[in-house]
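Chemist: My file is start-v3.txt. It has compact mmCIF, C-alpha atoms:
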# COMPACT_ATOMS: atom_id res chain seq x y z
CA MET A 259 -13.23 75.81 -34.32
CA ASP A 260 -16.28 78.00 -33.68
CA LEU A 261 -18.76 77.36 -36.48
CA ASP A 262 -20.37 80.79 -36.03
CA THR A 263 -17.07 82.44 -36.94
CA VAL A 264 -16.67 80.12 -39.93
CA ARG A 265 -20.25 80.85 -41.05
CA THR A 266 -19.60 84.59 -40.72
CA PHE A 267 -16.37 84.33 -42.72
CA VAL A 268 -18.21 82.57 -45.57
CA ALA A 269 -20.99 85.18 -45.49
CA VAL A 270 -18.48 88.04 -45.80
CA ALA A 271 -16.56 86.24 -48.54
CA GLU A 272 -19.75 85.73 -50.56
CA ALA A 273 -21.16 89.22 -49.94
CA GLY A 274 -17.88 91.08 -50.35
CA GLN A 275 -18.93 93.50 -47.60
CA PHE A 276 -19.12 93.32 -43.83
CA GLN A 277 -22.34 95.35 -43.73
CA GLU A 278 -24.17 93.16 -46.24
CA ALA A 279 -23.01 90.00 -44.46
CA ALA A 280 -24.26 91.43 -41.15
CA ALA A 281 -27.69 92.04 -42.67
CA GLY A 282 -27.86 88.49 -44.00
CA LEU A 283 -26.87 87.04 -40.64
CA ALA A 284 -29.24 89.35 -38.73
CA VAL A 285 -26.40 90.66 -36.51
CA THR A 286 -24.58 93.97 -36.23
CA GLN A 287 -21.63 94.89 -38.39
CA GLN A 288 -19.56 95.12 -35.20
CA ALA A 289 -20.44 91.49 -34.39
CA VAL A 290 -19.32 90.42 -37.84
CA SER A 291 -16.01 92.24 -37.44
CA LYS A 292 -15.42 90.65 -34.03
CA ARG A 293 -16.16 87.14 -35.34
CA VAL A 294 -13.82 87.52 -38.31
CA ALA A 295 -11.11 88.93 -36.06
CA ALA A 296 -11.52 85.99 -33.67
CA LEU A 297 -11.21 83.51 -36.53
CA GLU A 298 -8.11 85.26 -37.82
CA ARG A 299 -6.55 85.04 -34.35
CA ASP A 300 -7.32 81.33 -34.16
CA LEU A 301 -5.80 80.68 -37.57
CA GLY A 302 -2.91 83.12 -37.20
CA VAL A 303 -3.46 84.71 -40.63
CA ARG A 304 -5.33 87.59 -42.24
CA LEU A 305 -8.38 86.45 -44.18
CA PHE A 306 -9.58 89.77 -45.62
CA THR A 307 -8.13 93.01 -46.89
CA ARG A 308 -10.43 96.02 -46.49
CA THR A 309 -10.74 98.12 -49.67
CA PRO A 310 -12.96 101.07 -50.67
CA ARG A 311 -15.25 98.53 -52.35
CA GLY A 312 -15.58 96.32 -49.28
CA ALA A 313 -13.62 93.25 -48.20
CA GLU A 314 -11.40 91.17 -50.44
CA LEU A 315 -10.07 87.74 -49.60
CA THR A 316 -6.35 87.44 -49.01
CA ILE A 317 -4.46 84.49 -50.48
CA ASP A 318 -4.92 82.70 -47.16
CA GLY A 319 -8.61 83.58 -47.21
CA GLN A 320 -8.98 82.14 -50.70
CA ALA A 321 -7.26 78.93 -49.57
CA PHE A 322 -9.46 78.64 -46.49
CA LEU A 323 -12.82 79.35 -48.20
CA PRO A 324 -13.52 75.91 -49.76
CA HIS A 325 -12.61 74.20 -46.50
CA ALA A 326 -14.85 76.55 -44.55
CA ARG A 327 -17.77 75.74 -46.85
CA GLU A 328 -17.11 72.01 -46.39
CA LEU A 329 -17.04 72.47 -42.60
CA LEU A 330 -20.50 74.03 -42.75
CA ARG A 331 -21.82 71.28 -45.03
CA VAL A 332 -20.51 68.59 -42.67
CA ALA A 333 -22.05 70.38 -39.68
CA GLU A 334 -25.42 70.54 -41.43
CA ARG A 335 -25.29 66.85 -42.32
CA ALA A 336 -24.40 66.00 -38.72
CA ALA A 337 -27.33 68.01 -37.39
CA SER A 338 -29.74 66.60 -39.98
CA SER A 339 -28.80 63.05 -39.01
CA VAL A 340 -30.60 63.47 -35.68
CA ARG A 341 -33.47 65.80 -36.60
CA THR A 342 -36.76 63.93 -36.84
CA GLY A 343 -38.33 64.63 -40.20
CA ARG A 344 -35.07 65.91 -41.68
CA ARG A 345 -32.63 63.18 -40.77
CA PRO A 346 -32.23 60.06 -42.96
CA LEU A 347 -34.82 57.31 -42.60
CA ARG A 348 -33.44 55.16 -39.77
CA VAL A 349 -34.27 51.45 -40.01
CA ASP A 350 -33.26 48.60 -37.70
CA ILE A 351 -32.34 45.19 -39.08
CA LEU A 352 -31.35 42.08 -37.15
CA ALA A 353 -28.17 41.18 -39.06
CA SER A 354 -26.11 42.47 -41.95
CA ARG A 355 -26.35 39.19 -43.90
CA GLY A 356 -30.05 38.48 -43.38
CA ALA A 357 -33.16 38.94 -45.48
CA ALA A 358 -33.98 42.35 -44.00
CA SER A 359 -30.62 43.66 -45.16
CA GLY A 360 -31.45 42.44 -48.67
CA LEU A 361 -34.85 44.12 -48.53
CA MET A 362 -33.27 47.43 -47.56
CA ARG A 363 -30.66 47.15 -50.31
CA GLY A 364 -33.50 46.62 -52.76
CA PHE A 365 -35.29 49.69 -51.42
CA HIS A 366 -32.11 51.76 -51.74
CA ARG A 367 -31.65 50.67 -55.35
CA ALA A 368 -35.28 51.54 -56.13
CA ARG A 369 -35.26 54.89 -54.30
CA PRO A 370 -31.64 56.12 -54.19
CA GLU A 371 -32.77 59.68 -53.50
CA ILE A 372 -33.96 58.70 -50.00
CA GLU A 373 -31.21 58.93 -47.41
CA LEU A 374 -30.94 55.88 -45.14
CA ASP A 375 -29.34 55.02 -41.83
CA VAL A 376 -29.34 51.27 -41.07
CA VAL A 377 -28.76 50.17 -37.48
CA MET A 378 -28.72 46.77 -35.76
CA LEU A 379 -30.33 46.44 -32.34
CA SER A 380 -29.95 43.37 -30.18
CA ASP A 381 -33.52 42.33 -29.36
CA ILE A 382 -37.15 43.11 -30.03
CA ASP A 383 -37.73 44.89 -26.71
CA ARG A 384 -34.95 47.37 -27.43
CA ALA A 385 -36.18 47.80 -31.00
CA VAL A 386 -39.77 48.48 -29.91
CA ALA A 387 -38.57 51.00 -27.31
CA ALA A 388 -36.49 52.79 -29.97
CA VAL A 389 -39.46 52.86 -32.36
CA ARG A 390 -41.71 54.29 -29.64
CA SER A 391 -39.19 56.99 -28.69
CA GLY A 392 -38.59 58.02 -32.29
CA GLU A 393 -34.90 57.06 -32.23
CA ILE A 394 -35.58 54.77 -35.18
CA ASP A 395 -38.39 54.93 -37.72
CA ALA A 396 -38.93 51.23 -38.39
CA SER A 397 -37.65 47.81 -37.42
CA PHE A 398 -37.60 44.45 -39.17
CA ARG A 399 -38.62 41.75 -36.69
CA ALA A 400 -40.72 38.65 -36.40
CA VAL A 401 -44.06 39.43 -34.82
CA ALA A 402 -44.07 39.39 -31.03
CA ALA A 403 -43.85 35.96 -29.45
CA PRO A 404 -46.87 34.42 -27.70
CA GLY A 405 -47.84 36.31 -24.54
CA ARG A 406 -45.86 39.41 -25.59
CA PRO A 407 -48.15 41.49 -27.79
CA LEU A 408 -46.91 44.72 -29.31
CA PRO A 409 -47.94 48.01 -27.67
CA GLU A 410 -51.07 49.55 -29.17
CA ASP A 411 -49.13 52.48 -30.65
CA ILE A 412 -46.88 50.14 -32.66
CA ALA A 413 -48.14 48.95 -36.04
CA SER A 414 -46.74 45.95 -37.89
CA VAL A 415 -47.20 44.12 -41.16
CA ARG A 416 -45.57 40.97 -42.50
CA VAL A 417 -43.40 41.93 -45.44
CA HIS A 418 -41.37 38.81 -46.22
CA ASP A 419 -41.51 35.07 -45.57
CA GLU A 420 -37.97 33.72 -45.71
CA PRO A 421 -37.64 29.96 -46.44
CA LEU A 422 -35.24 28.05 -44.23
CA GLU A 423 -32.47 25.99 -45.81
CA LEU A 424 -30.29 23.30 -44.27
CA LEU A 425 -26.55 23.92 -44.34
CA THR A 426 -24.19 20.94 -44.00
CA GLY A 427 -20.56 20.11 -44.48
CA PRO A 428 -19.44 17.65 -47.20
CA GLY A 429 -19.30 14.73 -44.74
CA HIS A 430 -22.86 15.04 -43.44
CA ALA A 431 -25.27 12.14 -44.07
CA LEU A 432 -27.60 14.43 -46.04
CA ALA A 433 -24.91 16.31 -47.97
CA ASP A 434 -25.48 14.55 -51.30
CA MET A 435 -29.22 15.25 -51.43
CA THR A 436 -30.65 18.05 -53.56
CA SER A 437 -33.32 18.87 -50.97
CA VAL A 438 -34.63 17.45 -47.70
CA THR A 439 -38.06 17.18 -46.18
CA VAL A 440 -38.69 18.35 -42.64
CA HIS A 441 -39.34 14.77 -41.55
CA GLN A 442 -35.96 13.63 -42.91
CA LEU A 443 -34.34 16.00 -40.42
CA VAL A 444 -35.71 14.12 -37.41
CA GLY A 445 -32.81 12.61 -35.46
CA HIS A 446 -30.16 14.90 -36.95
CA ARG A 447 -28.41 17.48 -34.78
CA ILE A 448 -29.15 21.02 -35.91
CA TRP A 449 -26.84 23.52 -34.22
CA MET A 450 -28.08 27.10 -33.72
CA PRO A 451 -25.75 28.85 -31.23
CA GLY A 452 -26.70 32.29 -29.99
CA ILE A 453 -30.47 31.87 -29.75
CA VAL A 454 -31.44 33.81 -26.63
CA PRO A 455 -34.24 32.28 -24.52
CA GLY A 456 -37.35 34.44 -24.67
CA SER A 457 -36.35 36.08 -27.96
CA GLU A 458 -38.45 36.07 -31.11
CA TRP A 459 -35.96 33.65 -32.70
CA ALA A 460 -36.27 31.28 -29.76
CA ALA A 461 -40.08 31.36 -29.95
CA TYR A 462 -39.95 30.51 -33.66
CA TYR A 463 -37.56 27.55 -33.28
CA ASP A 464 -39.38 26.28 -30.19
CA ALA A 465 -42.52 26.10 -32.30
CA LEU A 466 -40.64 24.35 -35.11
CA VAL A 467 -39.27 21.72 -32.69
CA ALA A 468 -42.69 21.14 -31.13
CA GLU A 469 -44.37 20.74 -34.52
CA PHE A 470 -41.92 18.35 -36.19
CA GLY A 471 -39.88 16.76 -33.38
CA LEU A 472 -36.56 18.18 -34.52
CA THR A 473 -33.39 18.38 -32.42
CA ILE A 474 -32.08 21.94 -32.27
CA GLU A 475 -29.07 22.56 -30.03
CA THR A 476 -28.20 26.07 -28.85
CA THR A 477 -25.19 25.23 -26.68
CA GLY A 478 -21.86 27.01 -26.96
CA PRO A 479 -20.89 30.64 -27.51
CA ASN A 480 -21.94 32.49 -30.63
CA PHE A 481 -18.80 33.60 -32.46
CA GLY A 482 -20.70 34.77 -35.53
CA SER A 483 -21.56 33.32 -38.91
CA ASP A 484 -17.97 32.71 -40.05
CA ALA A 485 -17.23 30.50 -37.03
CA LEU A 486 -20.56 28.73 -37.50
CA LEU A 487 -19.73 27.90 -41.13
CA ASP A 488 -16.26 26.67 -40.14
CA THR A 489 -17.69 24.32 -37.48
CA VAL A 490 -20.46 22.93 -39.68
CA ALA A 491 -18.02 22.35 -42.54
CA GLY A 492 -15.70 20.29 -40.34
CA THR A 493 -18.25 18.41 -38.21
CA PRO A 494 -20.18 15.68 -40.09
CA ALA A 495 -22.66 15.25 -37.22
CA LEU A 496 -23.82 18.89 -37.26
CA ALA A 497 -25.99 20.91 -39.60
CA THR A 498 -27.59 24.31 -39.19
CA PHE A 499 -30.48 26.34 -40.56
CA ILE A 500 -29.88 29.49 -42.56
CA GLY A 501 -32.35 31.77 -44.24
CA ALA A 502 -32.58 31.76 -48.01
CA GLY A 503 -31.61 35.45 -47.92
CA MET A 504 -28.36 34.83 -46.02
CA LEU A 505 -25.12 34.84 -47.99
CA PRO A 506 -26.65 35.92 -51.33
CA GLN A 507 -25.45 34.33 -54.55
CA SER A 508 -22.47 35.94 -56.25
CA PRO A 509 -23.43 37.99 -59.34
CA THR A 510 -20.76 36.10 -61.29
CA GLY A 511 -22.42 32.76 -60.56
CA GLY A 512 -19.77 31.49 -58.15
CA ASP A 513 -20.06 30.66 -54.46
CA PRO A 514 -22.35 32.86 -52.40
CA ILE A 515 -20.92 36.14 -51.13
CA GLY A 516 -19.06 35.51 -47.89
CA TRP A 517 -18.87 31.75 -48.48
CA PRO A 518 -15.58 30.36 -47.12
CA ALA A 519 -13.45 28.84 -49.87
CA GLY A 520 -12.57 25.17 -49.71
CA HIS A 521 -15.21 24.18 -47.15
CA GLY A 522 -17.42 22.20 -49.54
CA LEU A 523 -20.56 23.40 -47.79
CA ARG A 524 -23.95 22.15 -49.03
CA ARG A 525 -27.10 24.27 -49.03
CA LEU A 526 -30.30 22.21 -49.18
CA PRO A 527 -33.87 23.53 -49.57
CA VAL A 528 -36.25 22.19 -46.92
CA THR A 529 -39.62 20.94 -48.22
CA ASP A 530 -42.91 19.23 -47.33
CA PRO A 531 -43.56 21.72 -45.80
CA THR A 532 -41.02 24.54 -46.18
CA PRO A 533 -40.58 26.36 -42.86
CA VAL A 534 -40.61 30.11 -43.45
CA TYR A 535 -39.42 32.76 -41.04
CA PRO A 536 -41.83 35.72 -41.01
CA HIS A 537 -40.21 39.16 -41.24
CA SER A 538 -42.46 42.03 -40.20
CA LEU A 539 -41.95 45.77 -40.40
CA LEU A 540 -42.73 47.63 -37.16
CA TRP A 541 -43.30 51.38 -36.90
CA HIS A 542 -44.96 53.92 -34.61
CA ARG A 543 -48.43 54.86 -35.78
CA ASP A 544 -47.64 58.58 -35.37
CA ASN A 545 -44.16 58.53 -36.90
CA PRO A 546 -43.79 61.73 -38.96
CA HIS A 547 -40.86 60.79 -41.20
CA PRO A 548 -41.89 61.56 -44.79
CA ALA A 549 -40.05 58.55 -46.25
CA LEU A 550 -41.69 55.94 -44.01
CA ASP A 551 -44.81 55.63 -46.19
CA THR A 552 -42.54 55.19 -49.23
CA LEU A 553 -40.75 52.29 -47.54
CA ARG A 554 -44.05 50.67 -46.52
CA ALA A 555 -45.40 50.97 -50.07
CA HIS A 556 -42.19 49.44 -51.47
CA LEU A 557 -42.54 46.45 -49.15
CA ASP A 558 -46.24 45.91 -49.86
CA THR A 559 -45.68 42.77 -51.94
CA PRO A 560 -47.95 39.96 -50.68
CA ALA A 561 -46.74 37.35 -53.19
CA GLY A 562 -45.55 34.21 -51.43
CA HIS A 563 -47.17 34.90 -48.08
CA ASP A 564 -49.05 31.94 -46.59
CA ALA A 565 -48.35 29.96 -49.77
CA ALA A 566 -49.31 26.30 -49.99
CA GLY A 567 -46.57 23.98 -48.82
CA THR A 568 -45.10 26.39 -46.27
CA TRP A 569 -45.19 26.36 -42.48
CA ARG A 570 -45.16 29.11 -39.89
CA PRO A 571 -46.06 29.08 -36.18
CA ASP A 572 -49.76 29.42 -35.35
CA TRP A 573 -49.09 32.66 -33.48
CA VAL A 574 -47.90 34.37 -36.67
CA LEU A 575 -50.93 36.20 -37.98
CA PRO A 576 -51.88 35.85 -41.68
CA ARG A 577 -50.83 38.78 -43.80
Kindly present the structure from the file in structure tokens form.

Modeler:
Amino acid sequence: MDLDTVRTFVAVAEAGQFQEAAAGLAVTQQAVSKRVAALERDLGVRLFTRTPRGAELTIDGQAFLPHARELLRVAERAASSVRTGRRPLRVDILASRGAASGLMRGFHRARPEIELDVVMLSDIDRAVAAVRSGEIDASFRAVAAPGRPLPEDIASVRVHDEPLELLTGPGHALADMTSVTVHQLVGHRIWMPGIVPGSEWAAYYDALVAEFGLTIETTGPNFGSDALLDTVAGTPALATFIGAGMLPQSPTGGDPIGWPAGHGLRRLPVTDPTPVYPHSLLWHRDNPHPALDTLRAHLDTPAGHDAAGTWRPDWVLPR
């Protein structure tokens, strides 16, 4: 359906006259008549009855009017979704169940008037390219790995340090503990499928292994978090790391949201020191989106960064 004809129909319906609608649309009255006639041919009905006072909607015209207005509203929303400065604030997060997702939900609750589009890109190189091109306004990532500095036109700031926790099944040797130290993990198999060599995640866990002598295995396909939880629950020899922001606690006090029932999974804080994964917000220094500064101000909460008793790789800059 031609939106120009729909827009012209709505203008005539609201003005009650072809001539007044033509003036409002900055076209000739003849053009208005042709557009309305074309729409009537497409629909197979008469939309207006001409009277001495102007143009009156027929019964079919009255039925079509609210739908025509909704068509125009949908078209405007579609166009606004891709117009820089007018489209929703577009932010990239790494995963729907991670800490960045929780941060964005908190921002949405605090500023519900700001429209948001949340996307998930596969790696930091793609995210940086999208930030530079203006396709997205910001991205939650770890800082660039050693030897891969960010481009000069990309700014970043650490916004959240996420503590790691150990996840085990009920038969694991550490399952009955209330917490574990990093050194107690030495010799245990920690399974982290899906870590891509050269990625920011790989750089972080490589540094963790080098610092504490842990055994982190990345073998096998990554079938997602549900399959990971199933395997850990049924394999006493395996454990895995999850972020403290993954699978948030149920508001009713039960098992965490998304937690598989009947698995008997154990979630143990890691201490002495607590490894924290650094989440940074990346954006282009010249990004014009009016809501970006609001997001940055919302995330400007330094509490907990570089706290005593925590560990991060040396290449993660202090906040």

Chemist: Need to verify the contact set: segment 567-574 of chain A, 6 Å, all atoms listed in the file, exclusion of same-chain residues closer than 3 positions in sequence. Can you return it as a short mmCIF file (atom, residue, chain, number, x, y, z; two decimals) with C-alpha atoms, in the coordinates of the input?

Modeler:
data_model
loop_
_atom_site.label_atom_id
_atom_site.label_comp_id
_atom_site.auth_asym_id
_atom_site.auth_seq_id
_atom_site.Cartn_x
_atom_site.Cartn_y
_atom_site.Cartn_z
CA PRO A 531 -43.56 21.72 -45.80
CA THR A 532 -41.02 24.54 -46.18
CA PRO A 533 -40.58 26.36 -42.86
CA VAL A 534 -40.61 30.11 -43.45
#

Chemist: Using all atoms listed in the file, pick whichever of A:Arg331, A:Arg524, A:Arg399, A:Arg416 has the shortest atom-to-atom distance to Ser380 of chain A.

Modeler: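 Nearest candidate to Ser380 of chain A out of A:Arg331, A:Arg524, A:Arg399, A:Arg416: A:Arg399.
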
Chemist: I'd like the neighbourhood of segment 319-322 of chain A as a PyMOL selection string, where a residue qualifies if any of its atoms comes within 10 Å (using only C-alpha atoms), though same-chain residues fewer than 6 positions away should be ignored.

Modeler: chain A and resi 264+267-268+271+298+301+303-307

Chemist: So, counting all atoms listed in the file, which residue among A:Ala296, A:Ile474, A:Leu466, A:Met259 is closest to Met450 of chain A?

Modeler: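 Ranked by minimum distance to Met450 of chain A, first place goes to A:Ile474.
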
Chemist: List as a list in words the residues having at least one atom at most 7 Å from position (-38.3, 34.5, -36.1) as given in the file, counting only C-alpha atoms.

Modeler: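 Residues found, by chain and rising number: Ala400, Glu458, Trp459, Tyr462, Tyr535 and Pro536 of chain A.
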
Chemist: At what distance in Å, to one decimal, does atom CA of Leu329 of chain A lie from atom CA of Gly312 of chain A?

Modeler: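 We find that atom CA of Gly312 of chain A and atom CA of Leu329 of chain A lie 24.8 Å from each other.
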
Chemist: Have a look at atom CA of Ala502 of chain A and atom CA of Thr477 of chain A and let me know their distance in Å, one decimal.

Modeler: 23.5 Å

Chemist: Do a neighbour search on Gly482 of chain A at 12 Å with all atoms listed in the file, toss out local chain neighbours closer than 4 positions, and write the hits as a list in words.

Modeler: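 Counting all atoms listed in the file, the residues come to Ala353, Ser354, Arg355, Met450, Pro451, Gly452, Ile453, Gly478, Leu486, Leu487, Asp488 and Thr489 of chain A.
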
Chemist: Please dump the current selection as a PDB file, in the coordinates of the input; keep C-alpha atoms.

Modeler:
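Full text of out20.pdb as output:
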ATOM      1  CA  ALA A 353     -28.170  41.180 -39.060  1.00  0.00           C
ATOM      2  CA  SER A 354     -26.110  42.470 -41.950  1.00  0.00           C
ATOM      3  CA  ARG A 355     -26.350  39.190 -43.900  1.00  0.00           C
ATOM      4  CA  MET A 450     -28.080  27.100 -33.720  1.00  0.00           C
ATOM      5  CA  PRO A 451     -25.750  28.850 -31.230  1.00  0.00           C
ATOM      6  CA  GLY A 452     -26.700  32.290 -29.990  1.00  0.00           C
ATOM      7  CA  ILE A 453     -30.470  31.870 -29.750  1.00  0.00           C
ATOM      8  CA  GLY A 478     -21.860  27.010 -26.960  1.00  0.00           C
ATOM      9  CA  LEU A 486     -20.560  28.730 -37.500  1.00  0.00           C
ATOM     10  CA  LEU A 487     -19.730  27.900 -41.130  1.00  0.00           C
ATOM     11  CA  ASP A 488     -16.260  26.670 -40.140  1.00  0.00           C
ATOM     12  CA  THR A 489     -17.690  24.320 -37.480  1.00  0.00           C
TER      13      THR A 489
END

Chemist: Near Gln287 of chain A, within 7 Å and counting only C-alpha atoms, which residues show up once chain neighbours fewer than 5 positions away are dropped, as an MDAnalysis selection string?

Modeler: chainID A and resid 276:277 280

Chemist: Between atom CA of Ala273 of chain A and atom CA of Ala333 of chain A, what is the distance, to one decimal in Å?

Modeler: 21.5 Å

Chemist: For Phe470 of chain A, which residue out of A:Val440, A:Leu540, A:Gly445, A:Pro494 is the nearest one, using all atoms listed in the file?

Modeler: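 Among A:Val440, A:Leu540, A:Gly445, A:Pro494, it is A:Val440 that comes nearest to Phe470 of chain A.
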
Chemist: Neighbours of segment 497-500 of chain A within 7 Å (all atoms listed in the file; same-chain residues fewer than 4 positions away dropped), as a tab-separated table (two decimals) with C-alpha atoms, in the frame of the given file?

Modeler:
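Just written: out.tsv:
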chain	number	residue	atom	x	y	z
A	422	LEU	CA	-35.24	28.05	-44.23
A	423	GLU	CA	-32.47	25.99	-45.81
A	424	LEU	CA	-30.29	23.30	-44.27
A	425	LEU	CA	-26.55	23.92	-44.34
A	426	THR	CA	-24.19	20.94	-44.00
A	447	ARG	CA	-28.41	17.48	-34.78
A	448	ILE	CA	-29.15	21.02	-35.91
A	449	TRP	CA	-26.84	23.52	-34.22
A	450	MET	CA	-28.08	27.10	-33.72
A	490	VAL	CA	-20.46	22.93	-39.68
A	504	MET	CA	-28.36	34.83	-46.02

Chemist: Kindly provide, as lines of an AutoDock Vina configuration file, the centre and edge lengths (Å, one decimal) of an axis-aligned box around all atoms of segment 376-384 of chain A given in the file, with 3 Å on each side.

Modeler:
center_x = -33.2
center_y = 46.8
center_z = -33.9
size_x = 15.0
size_y = 14.9
size_z = 20.4

Chemist: May I ask which of the residues A:Val377, A:Leu526, A:Val332, A:Leu472 is the closest one to Phe398 of chain A, counting only C-alpha atoms?

Modeler: A:Val377
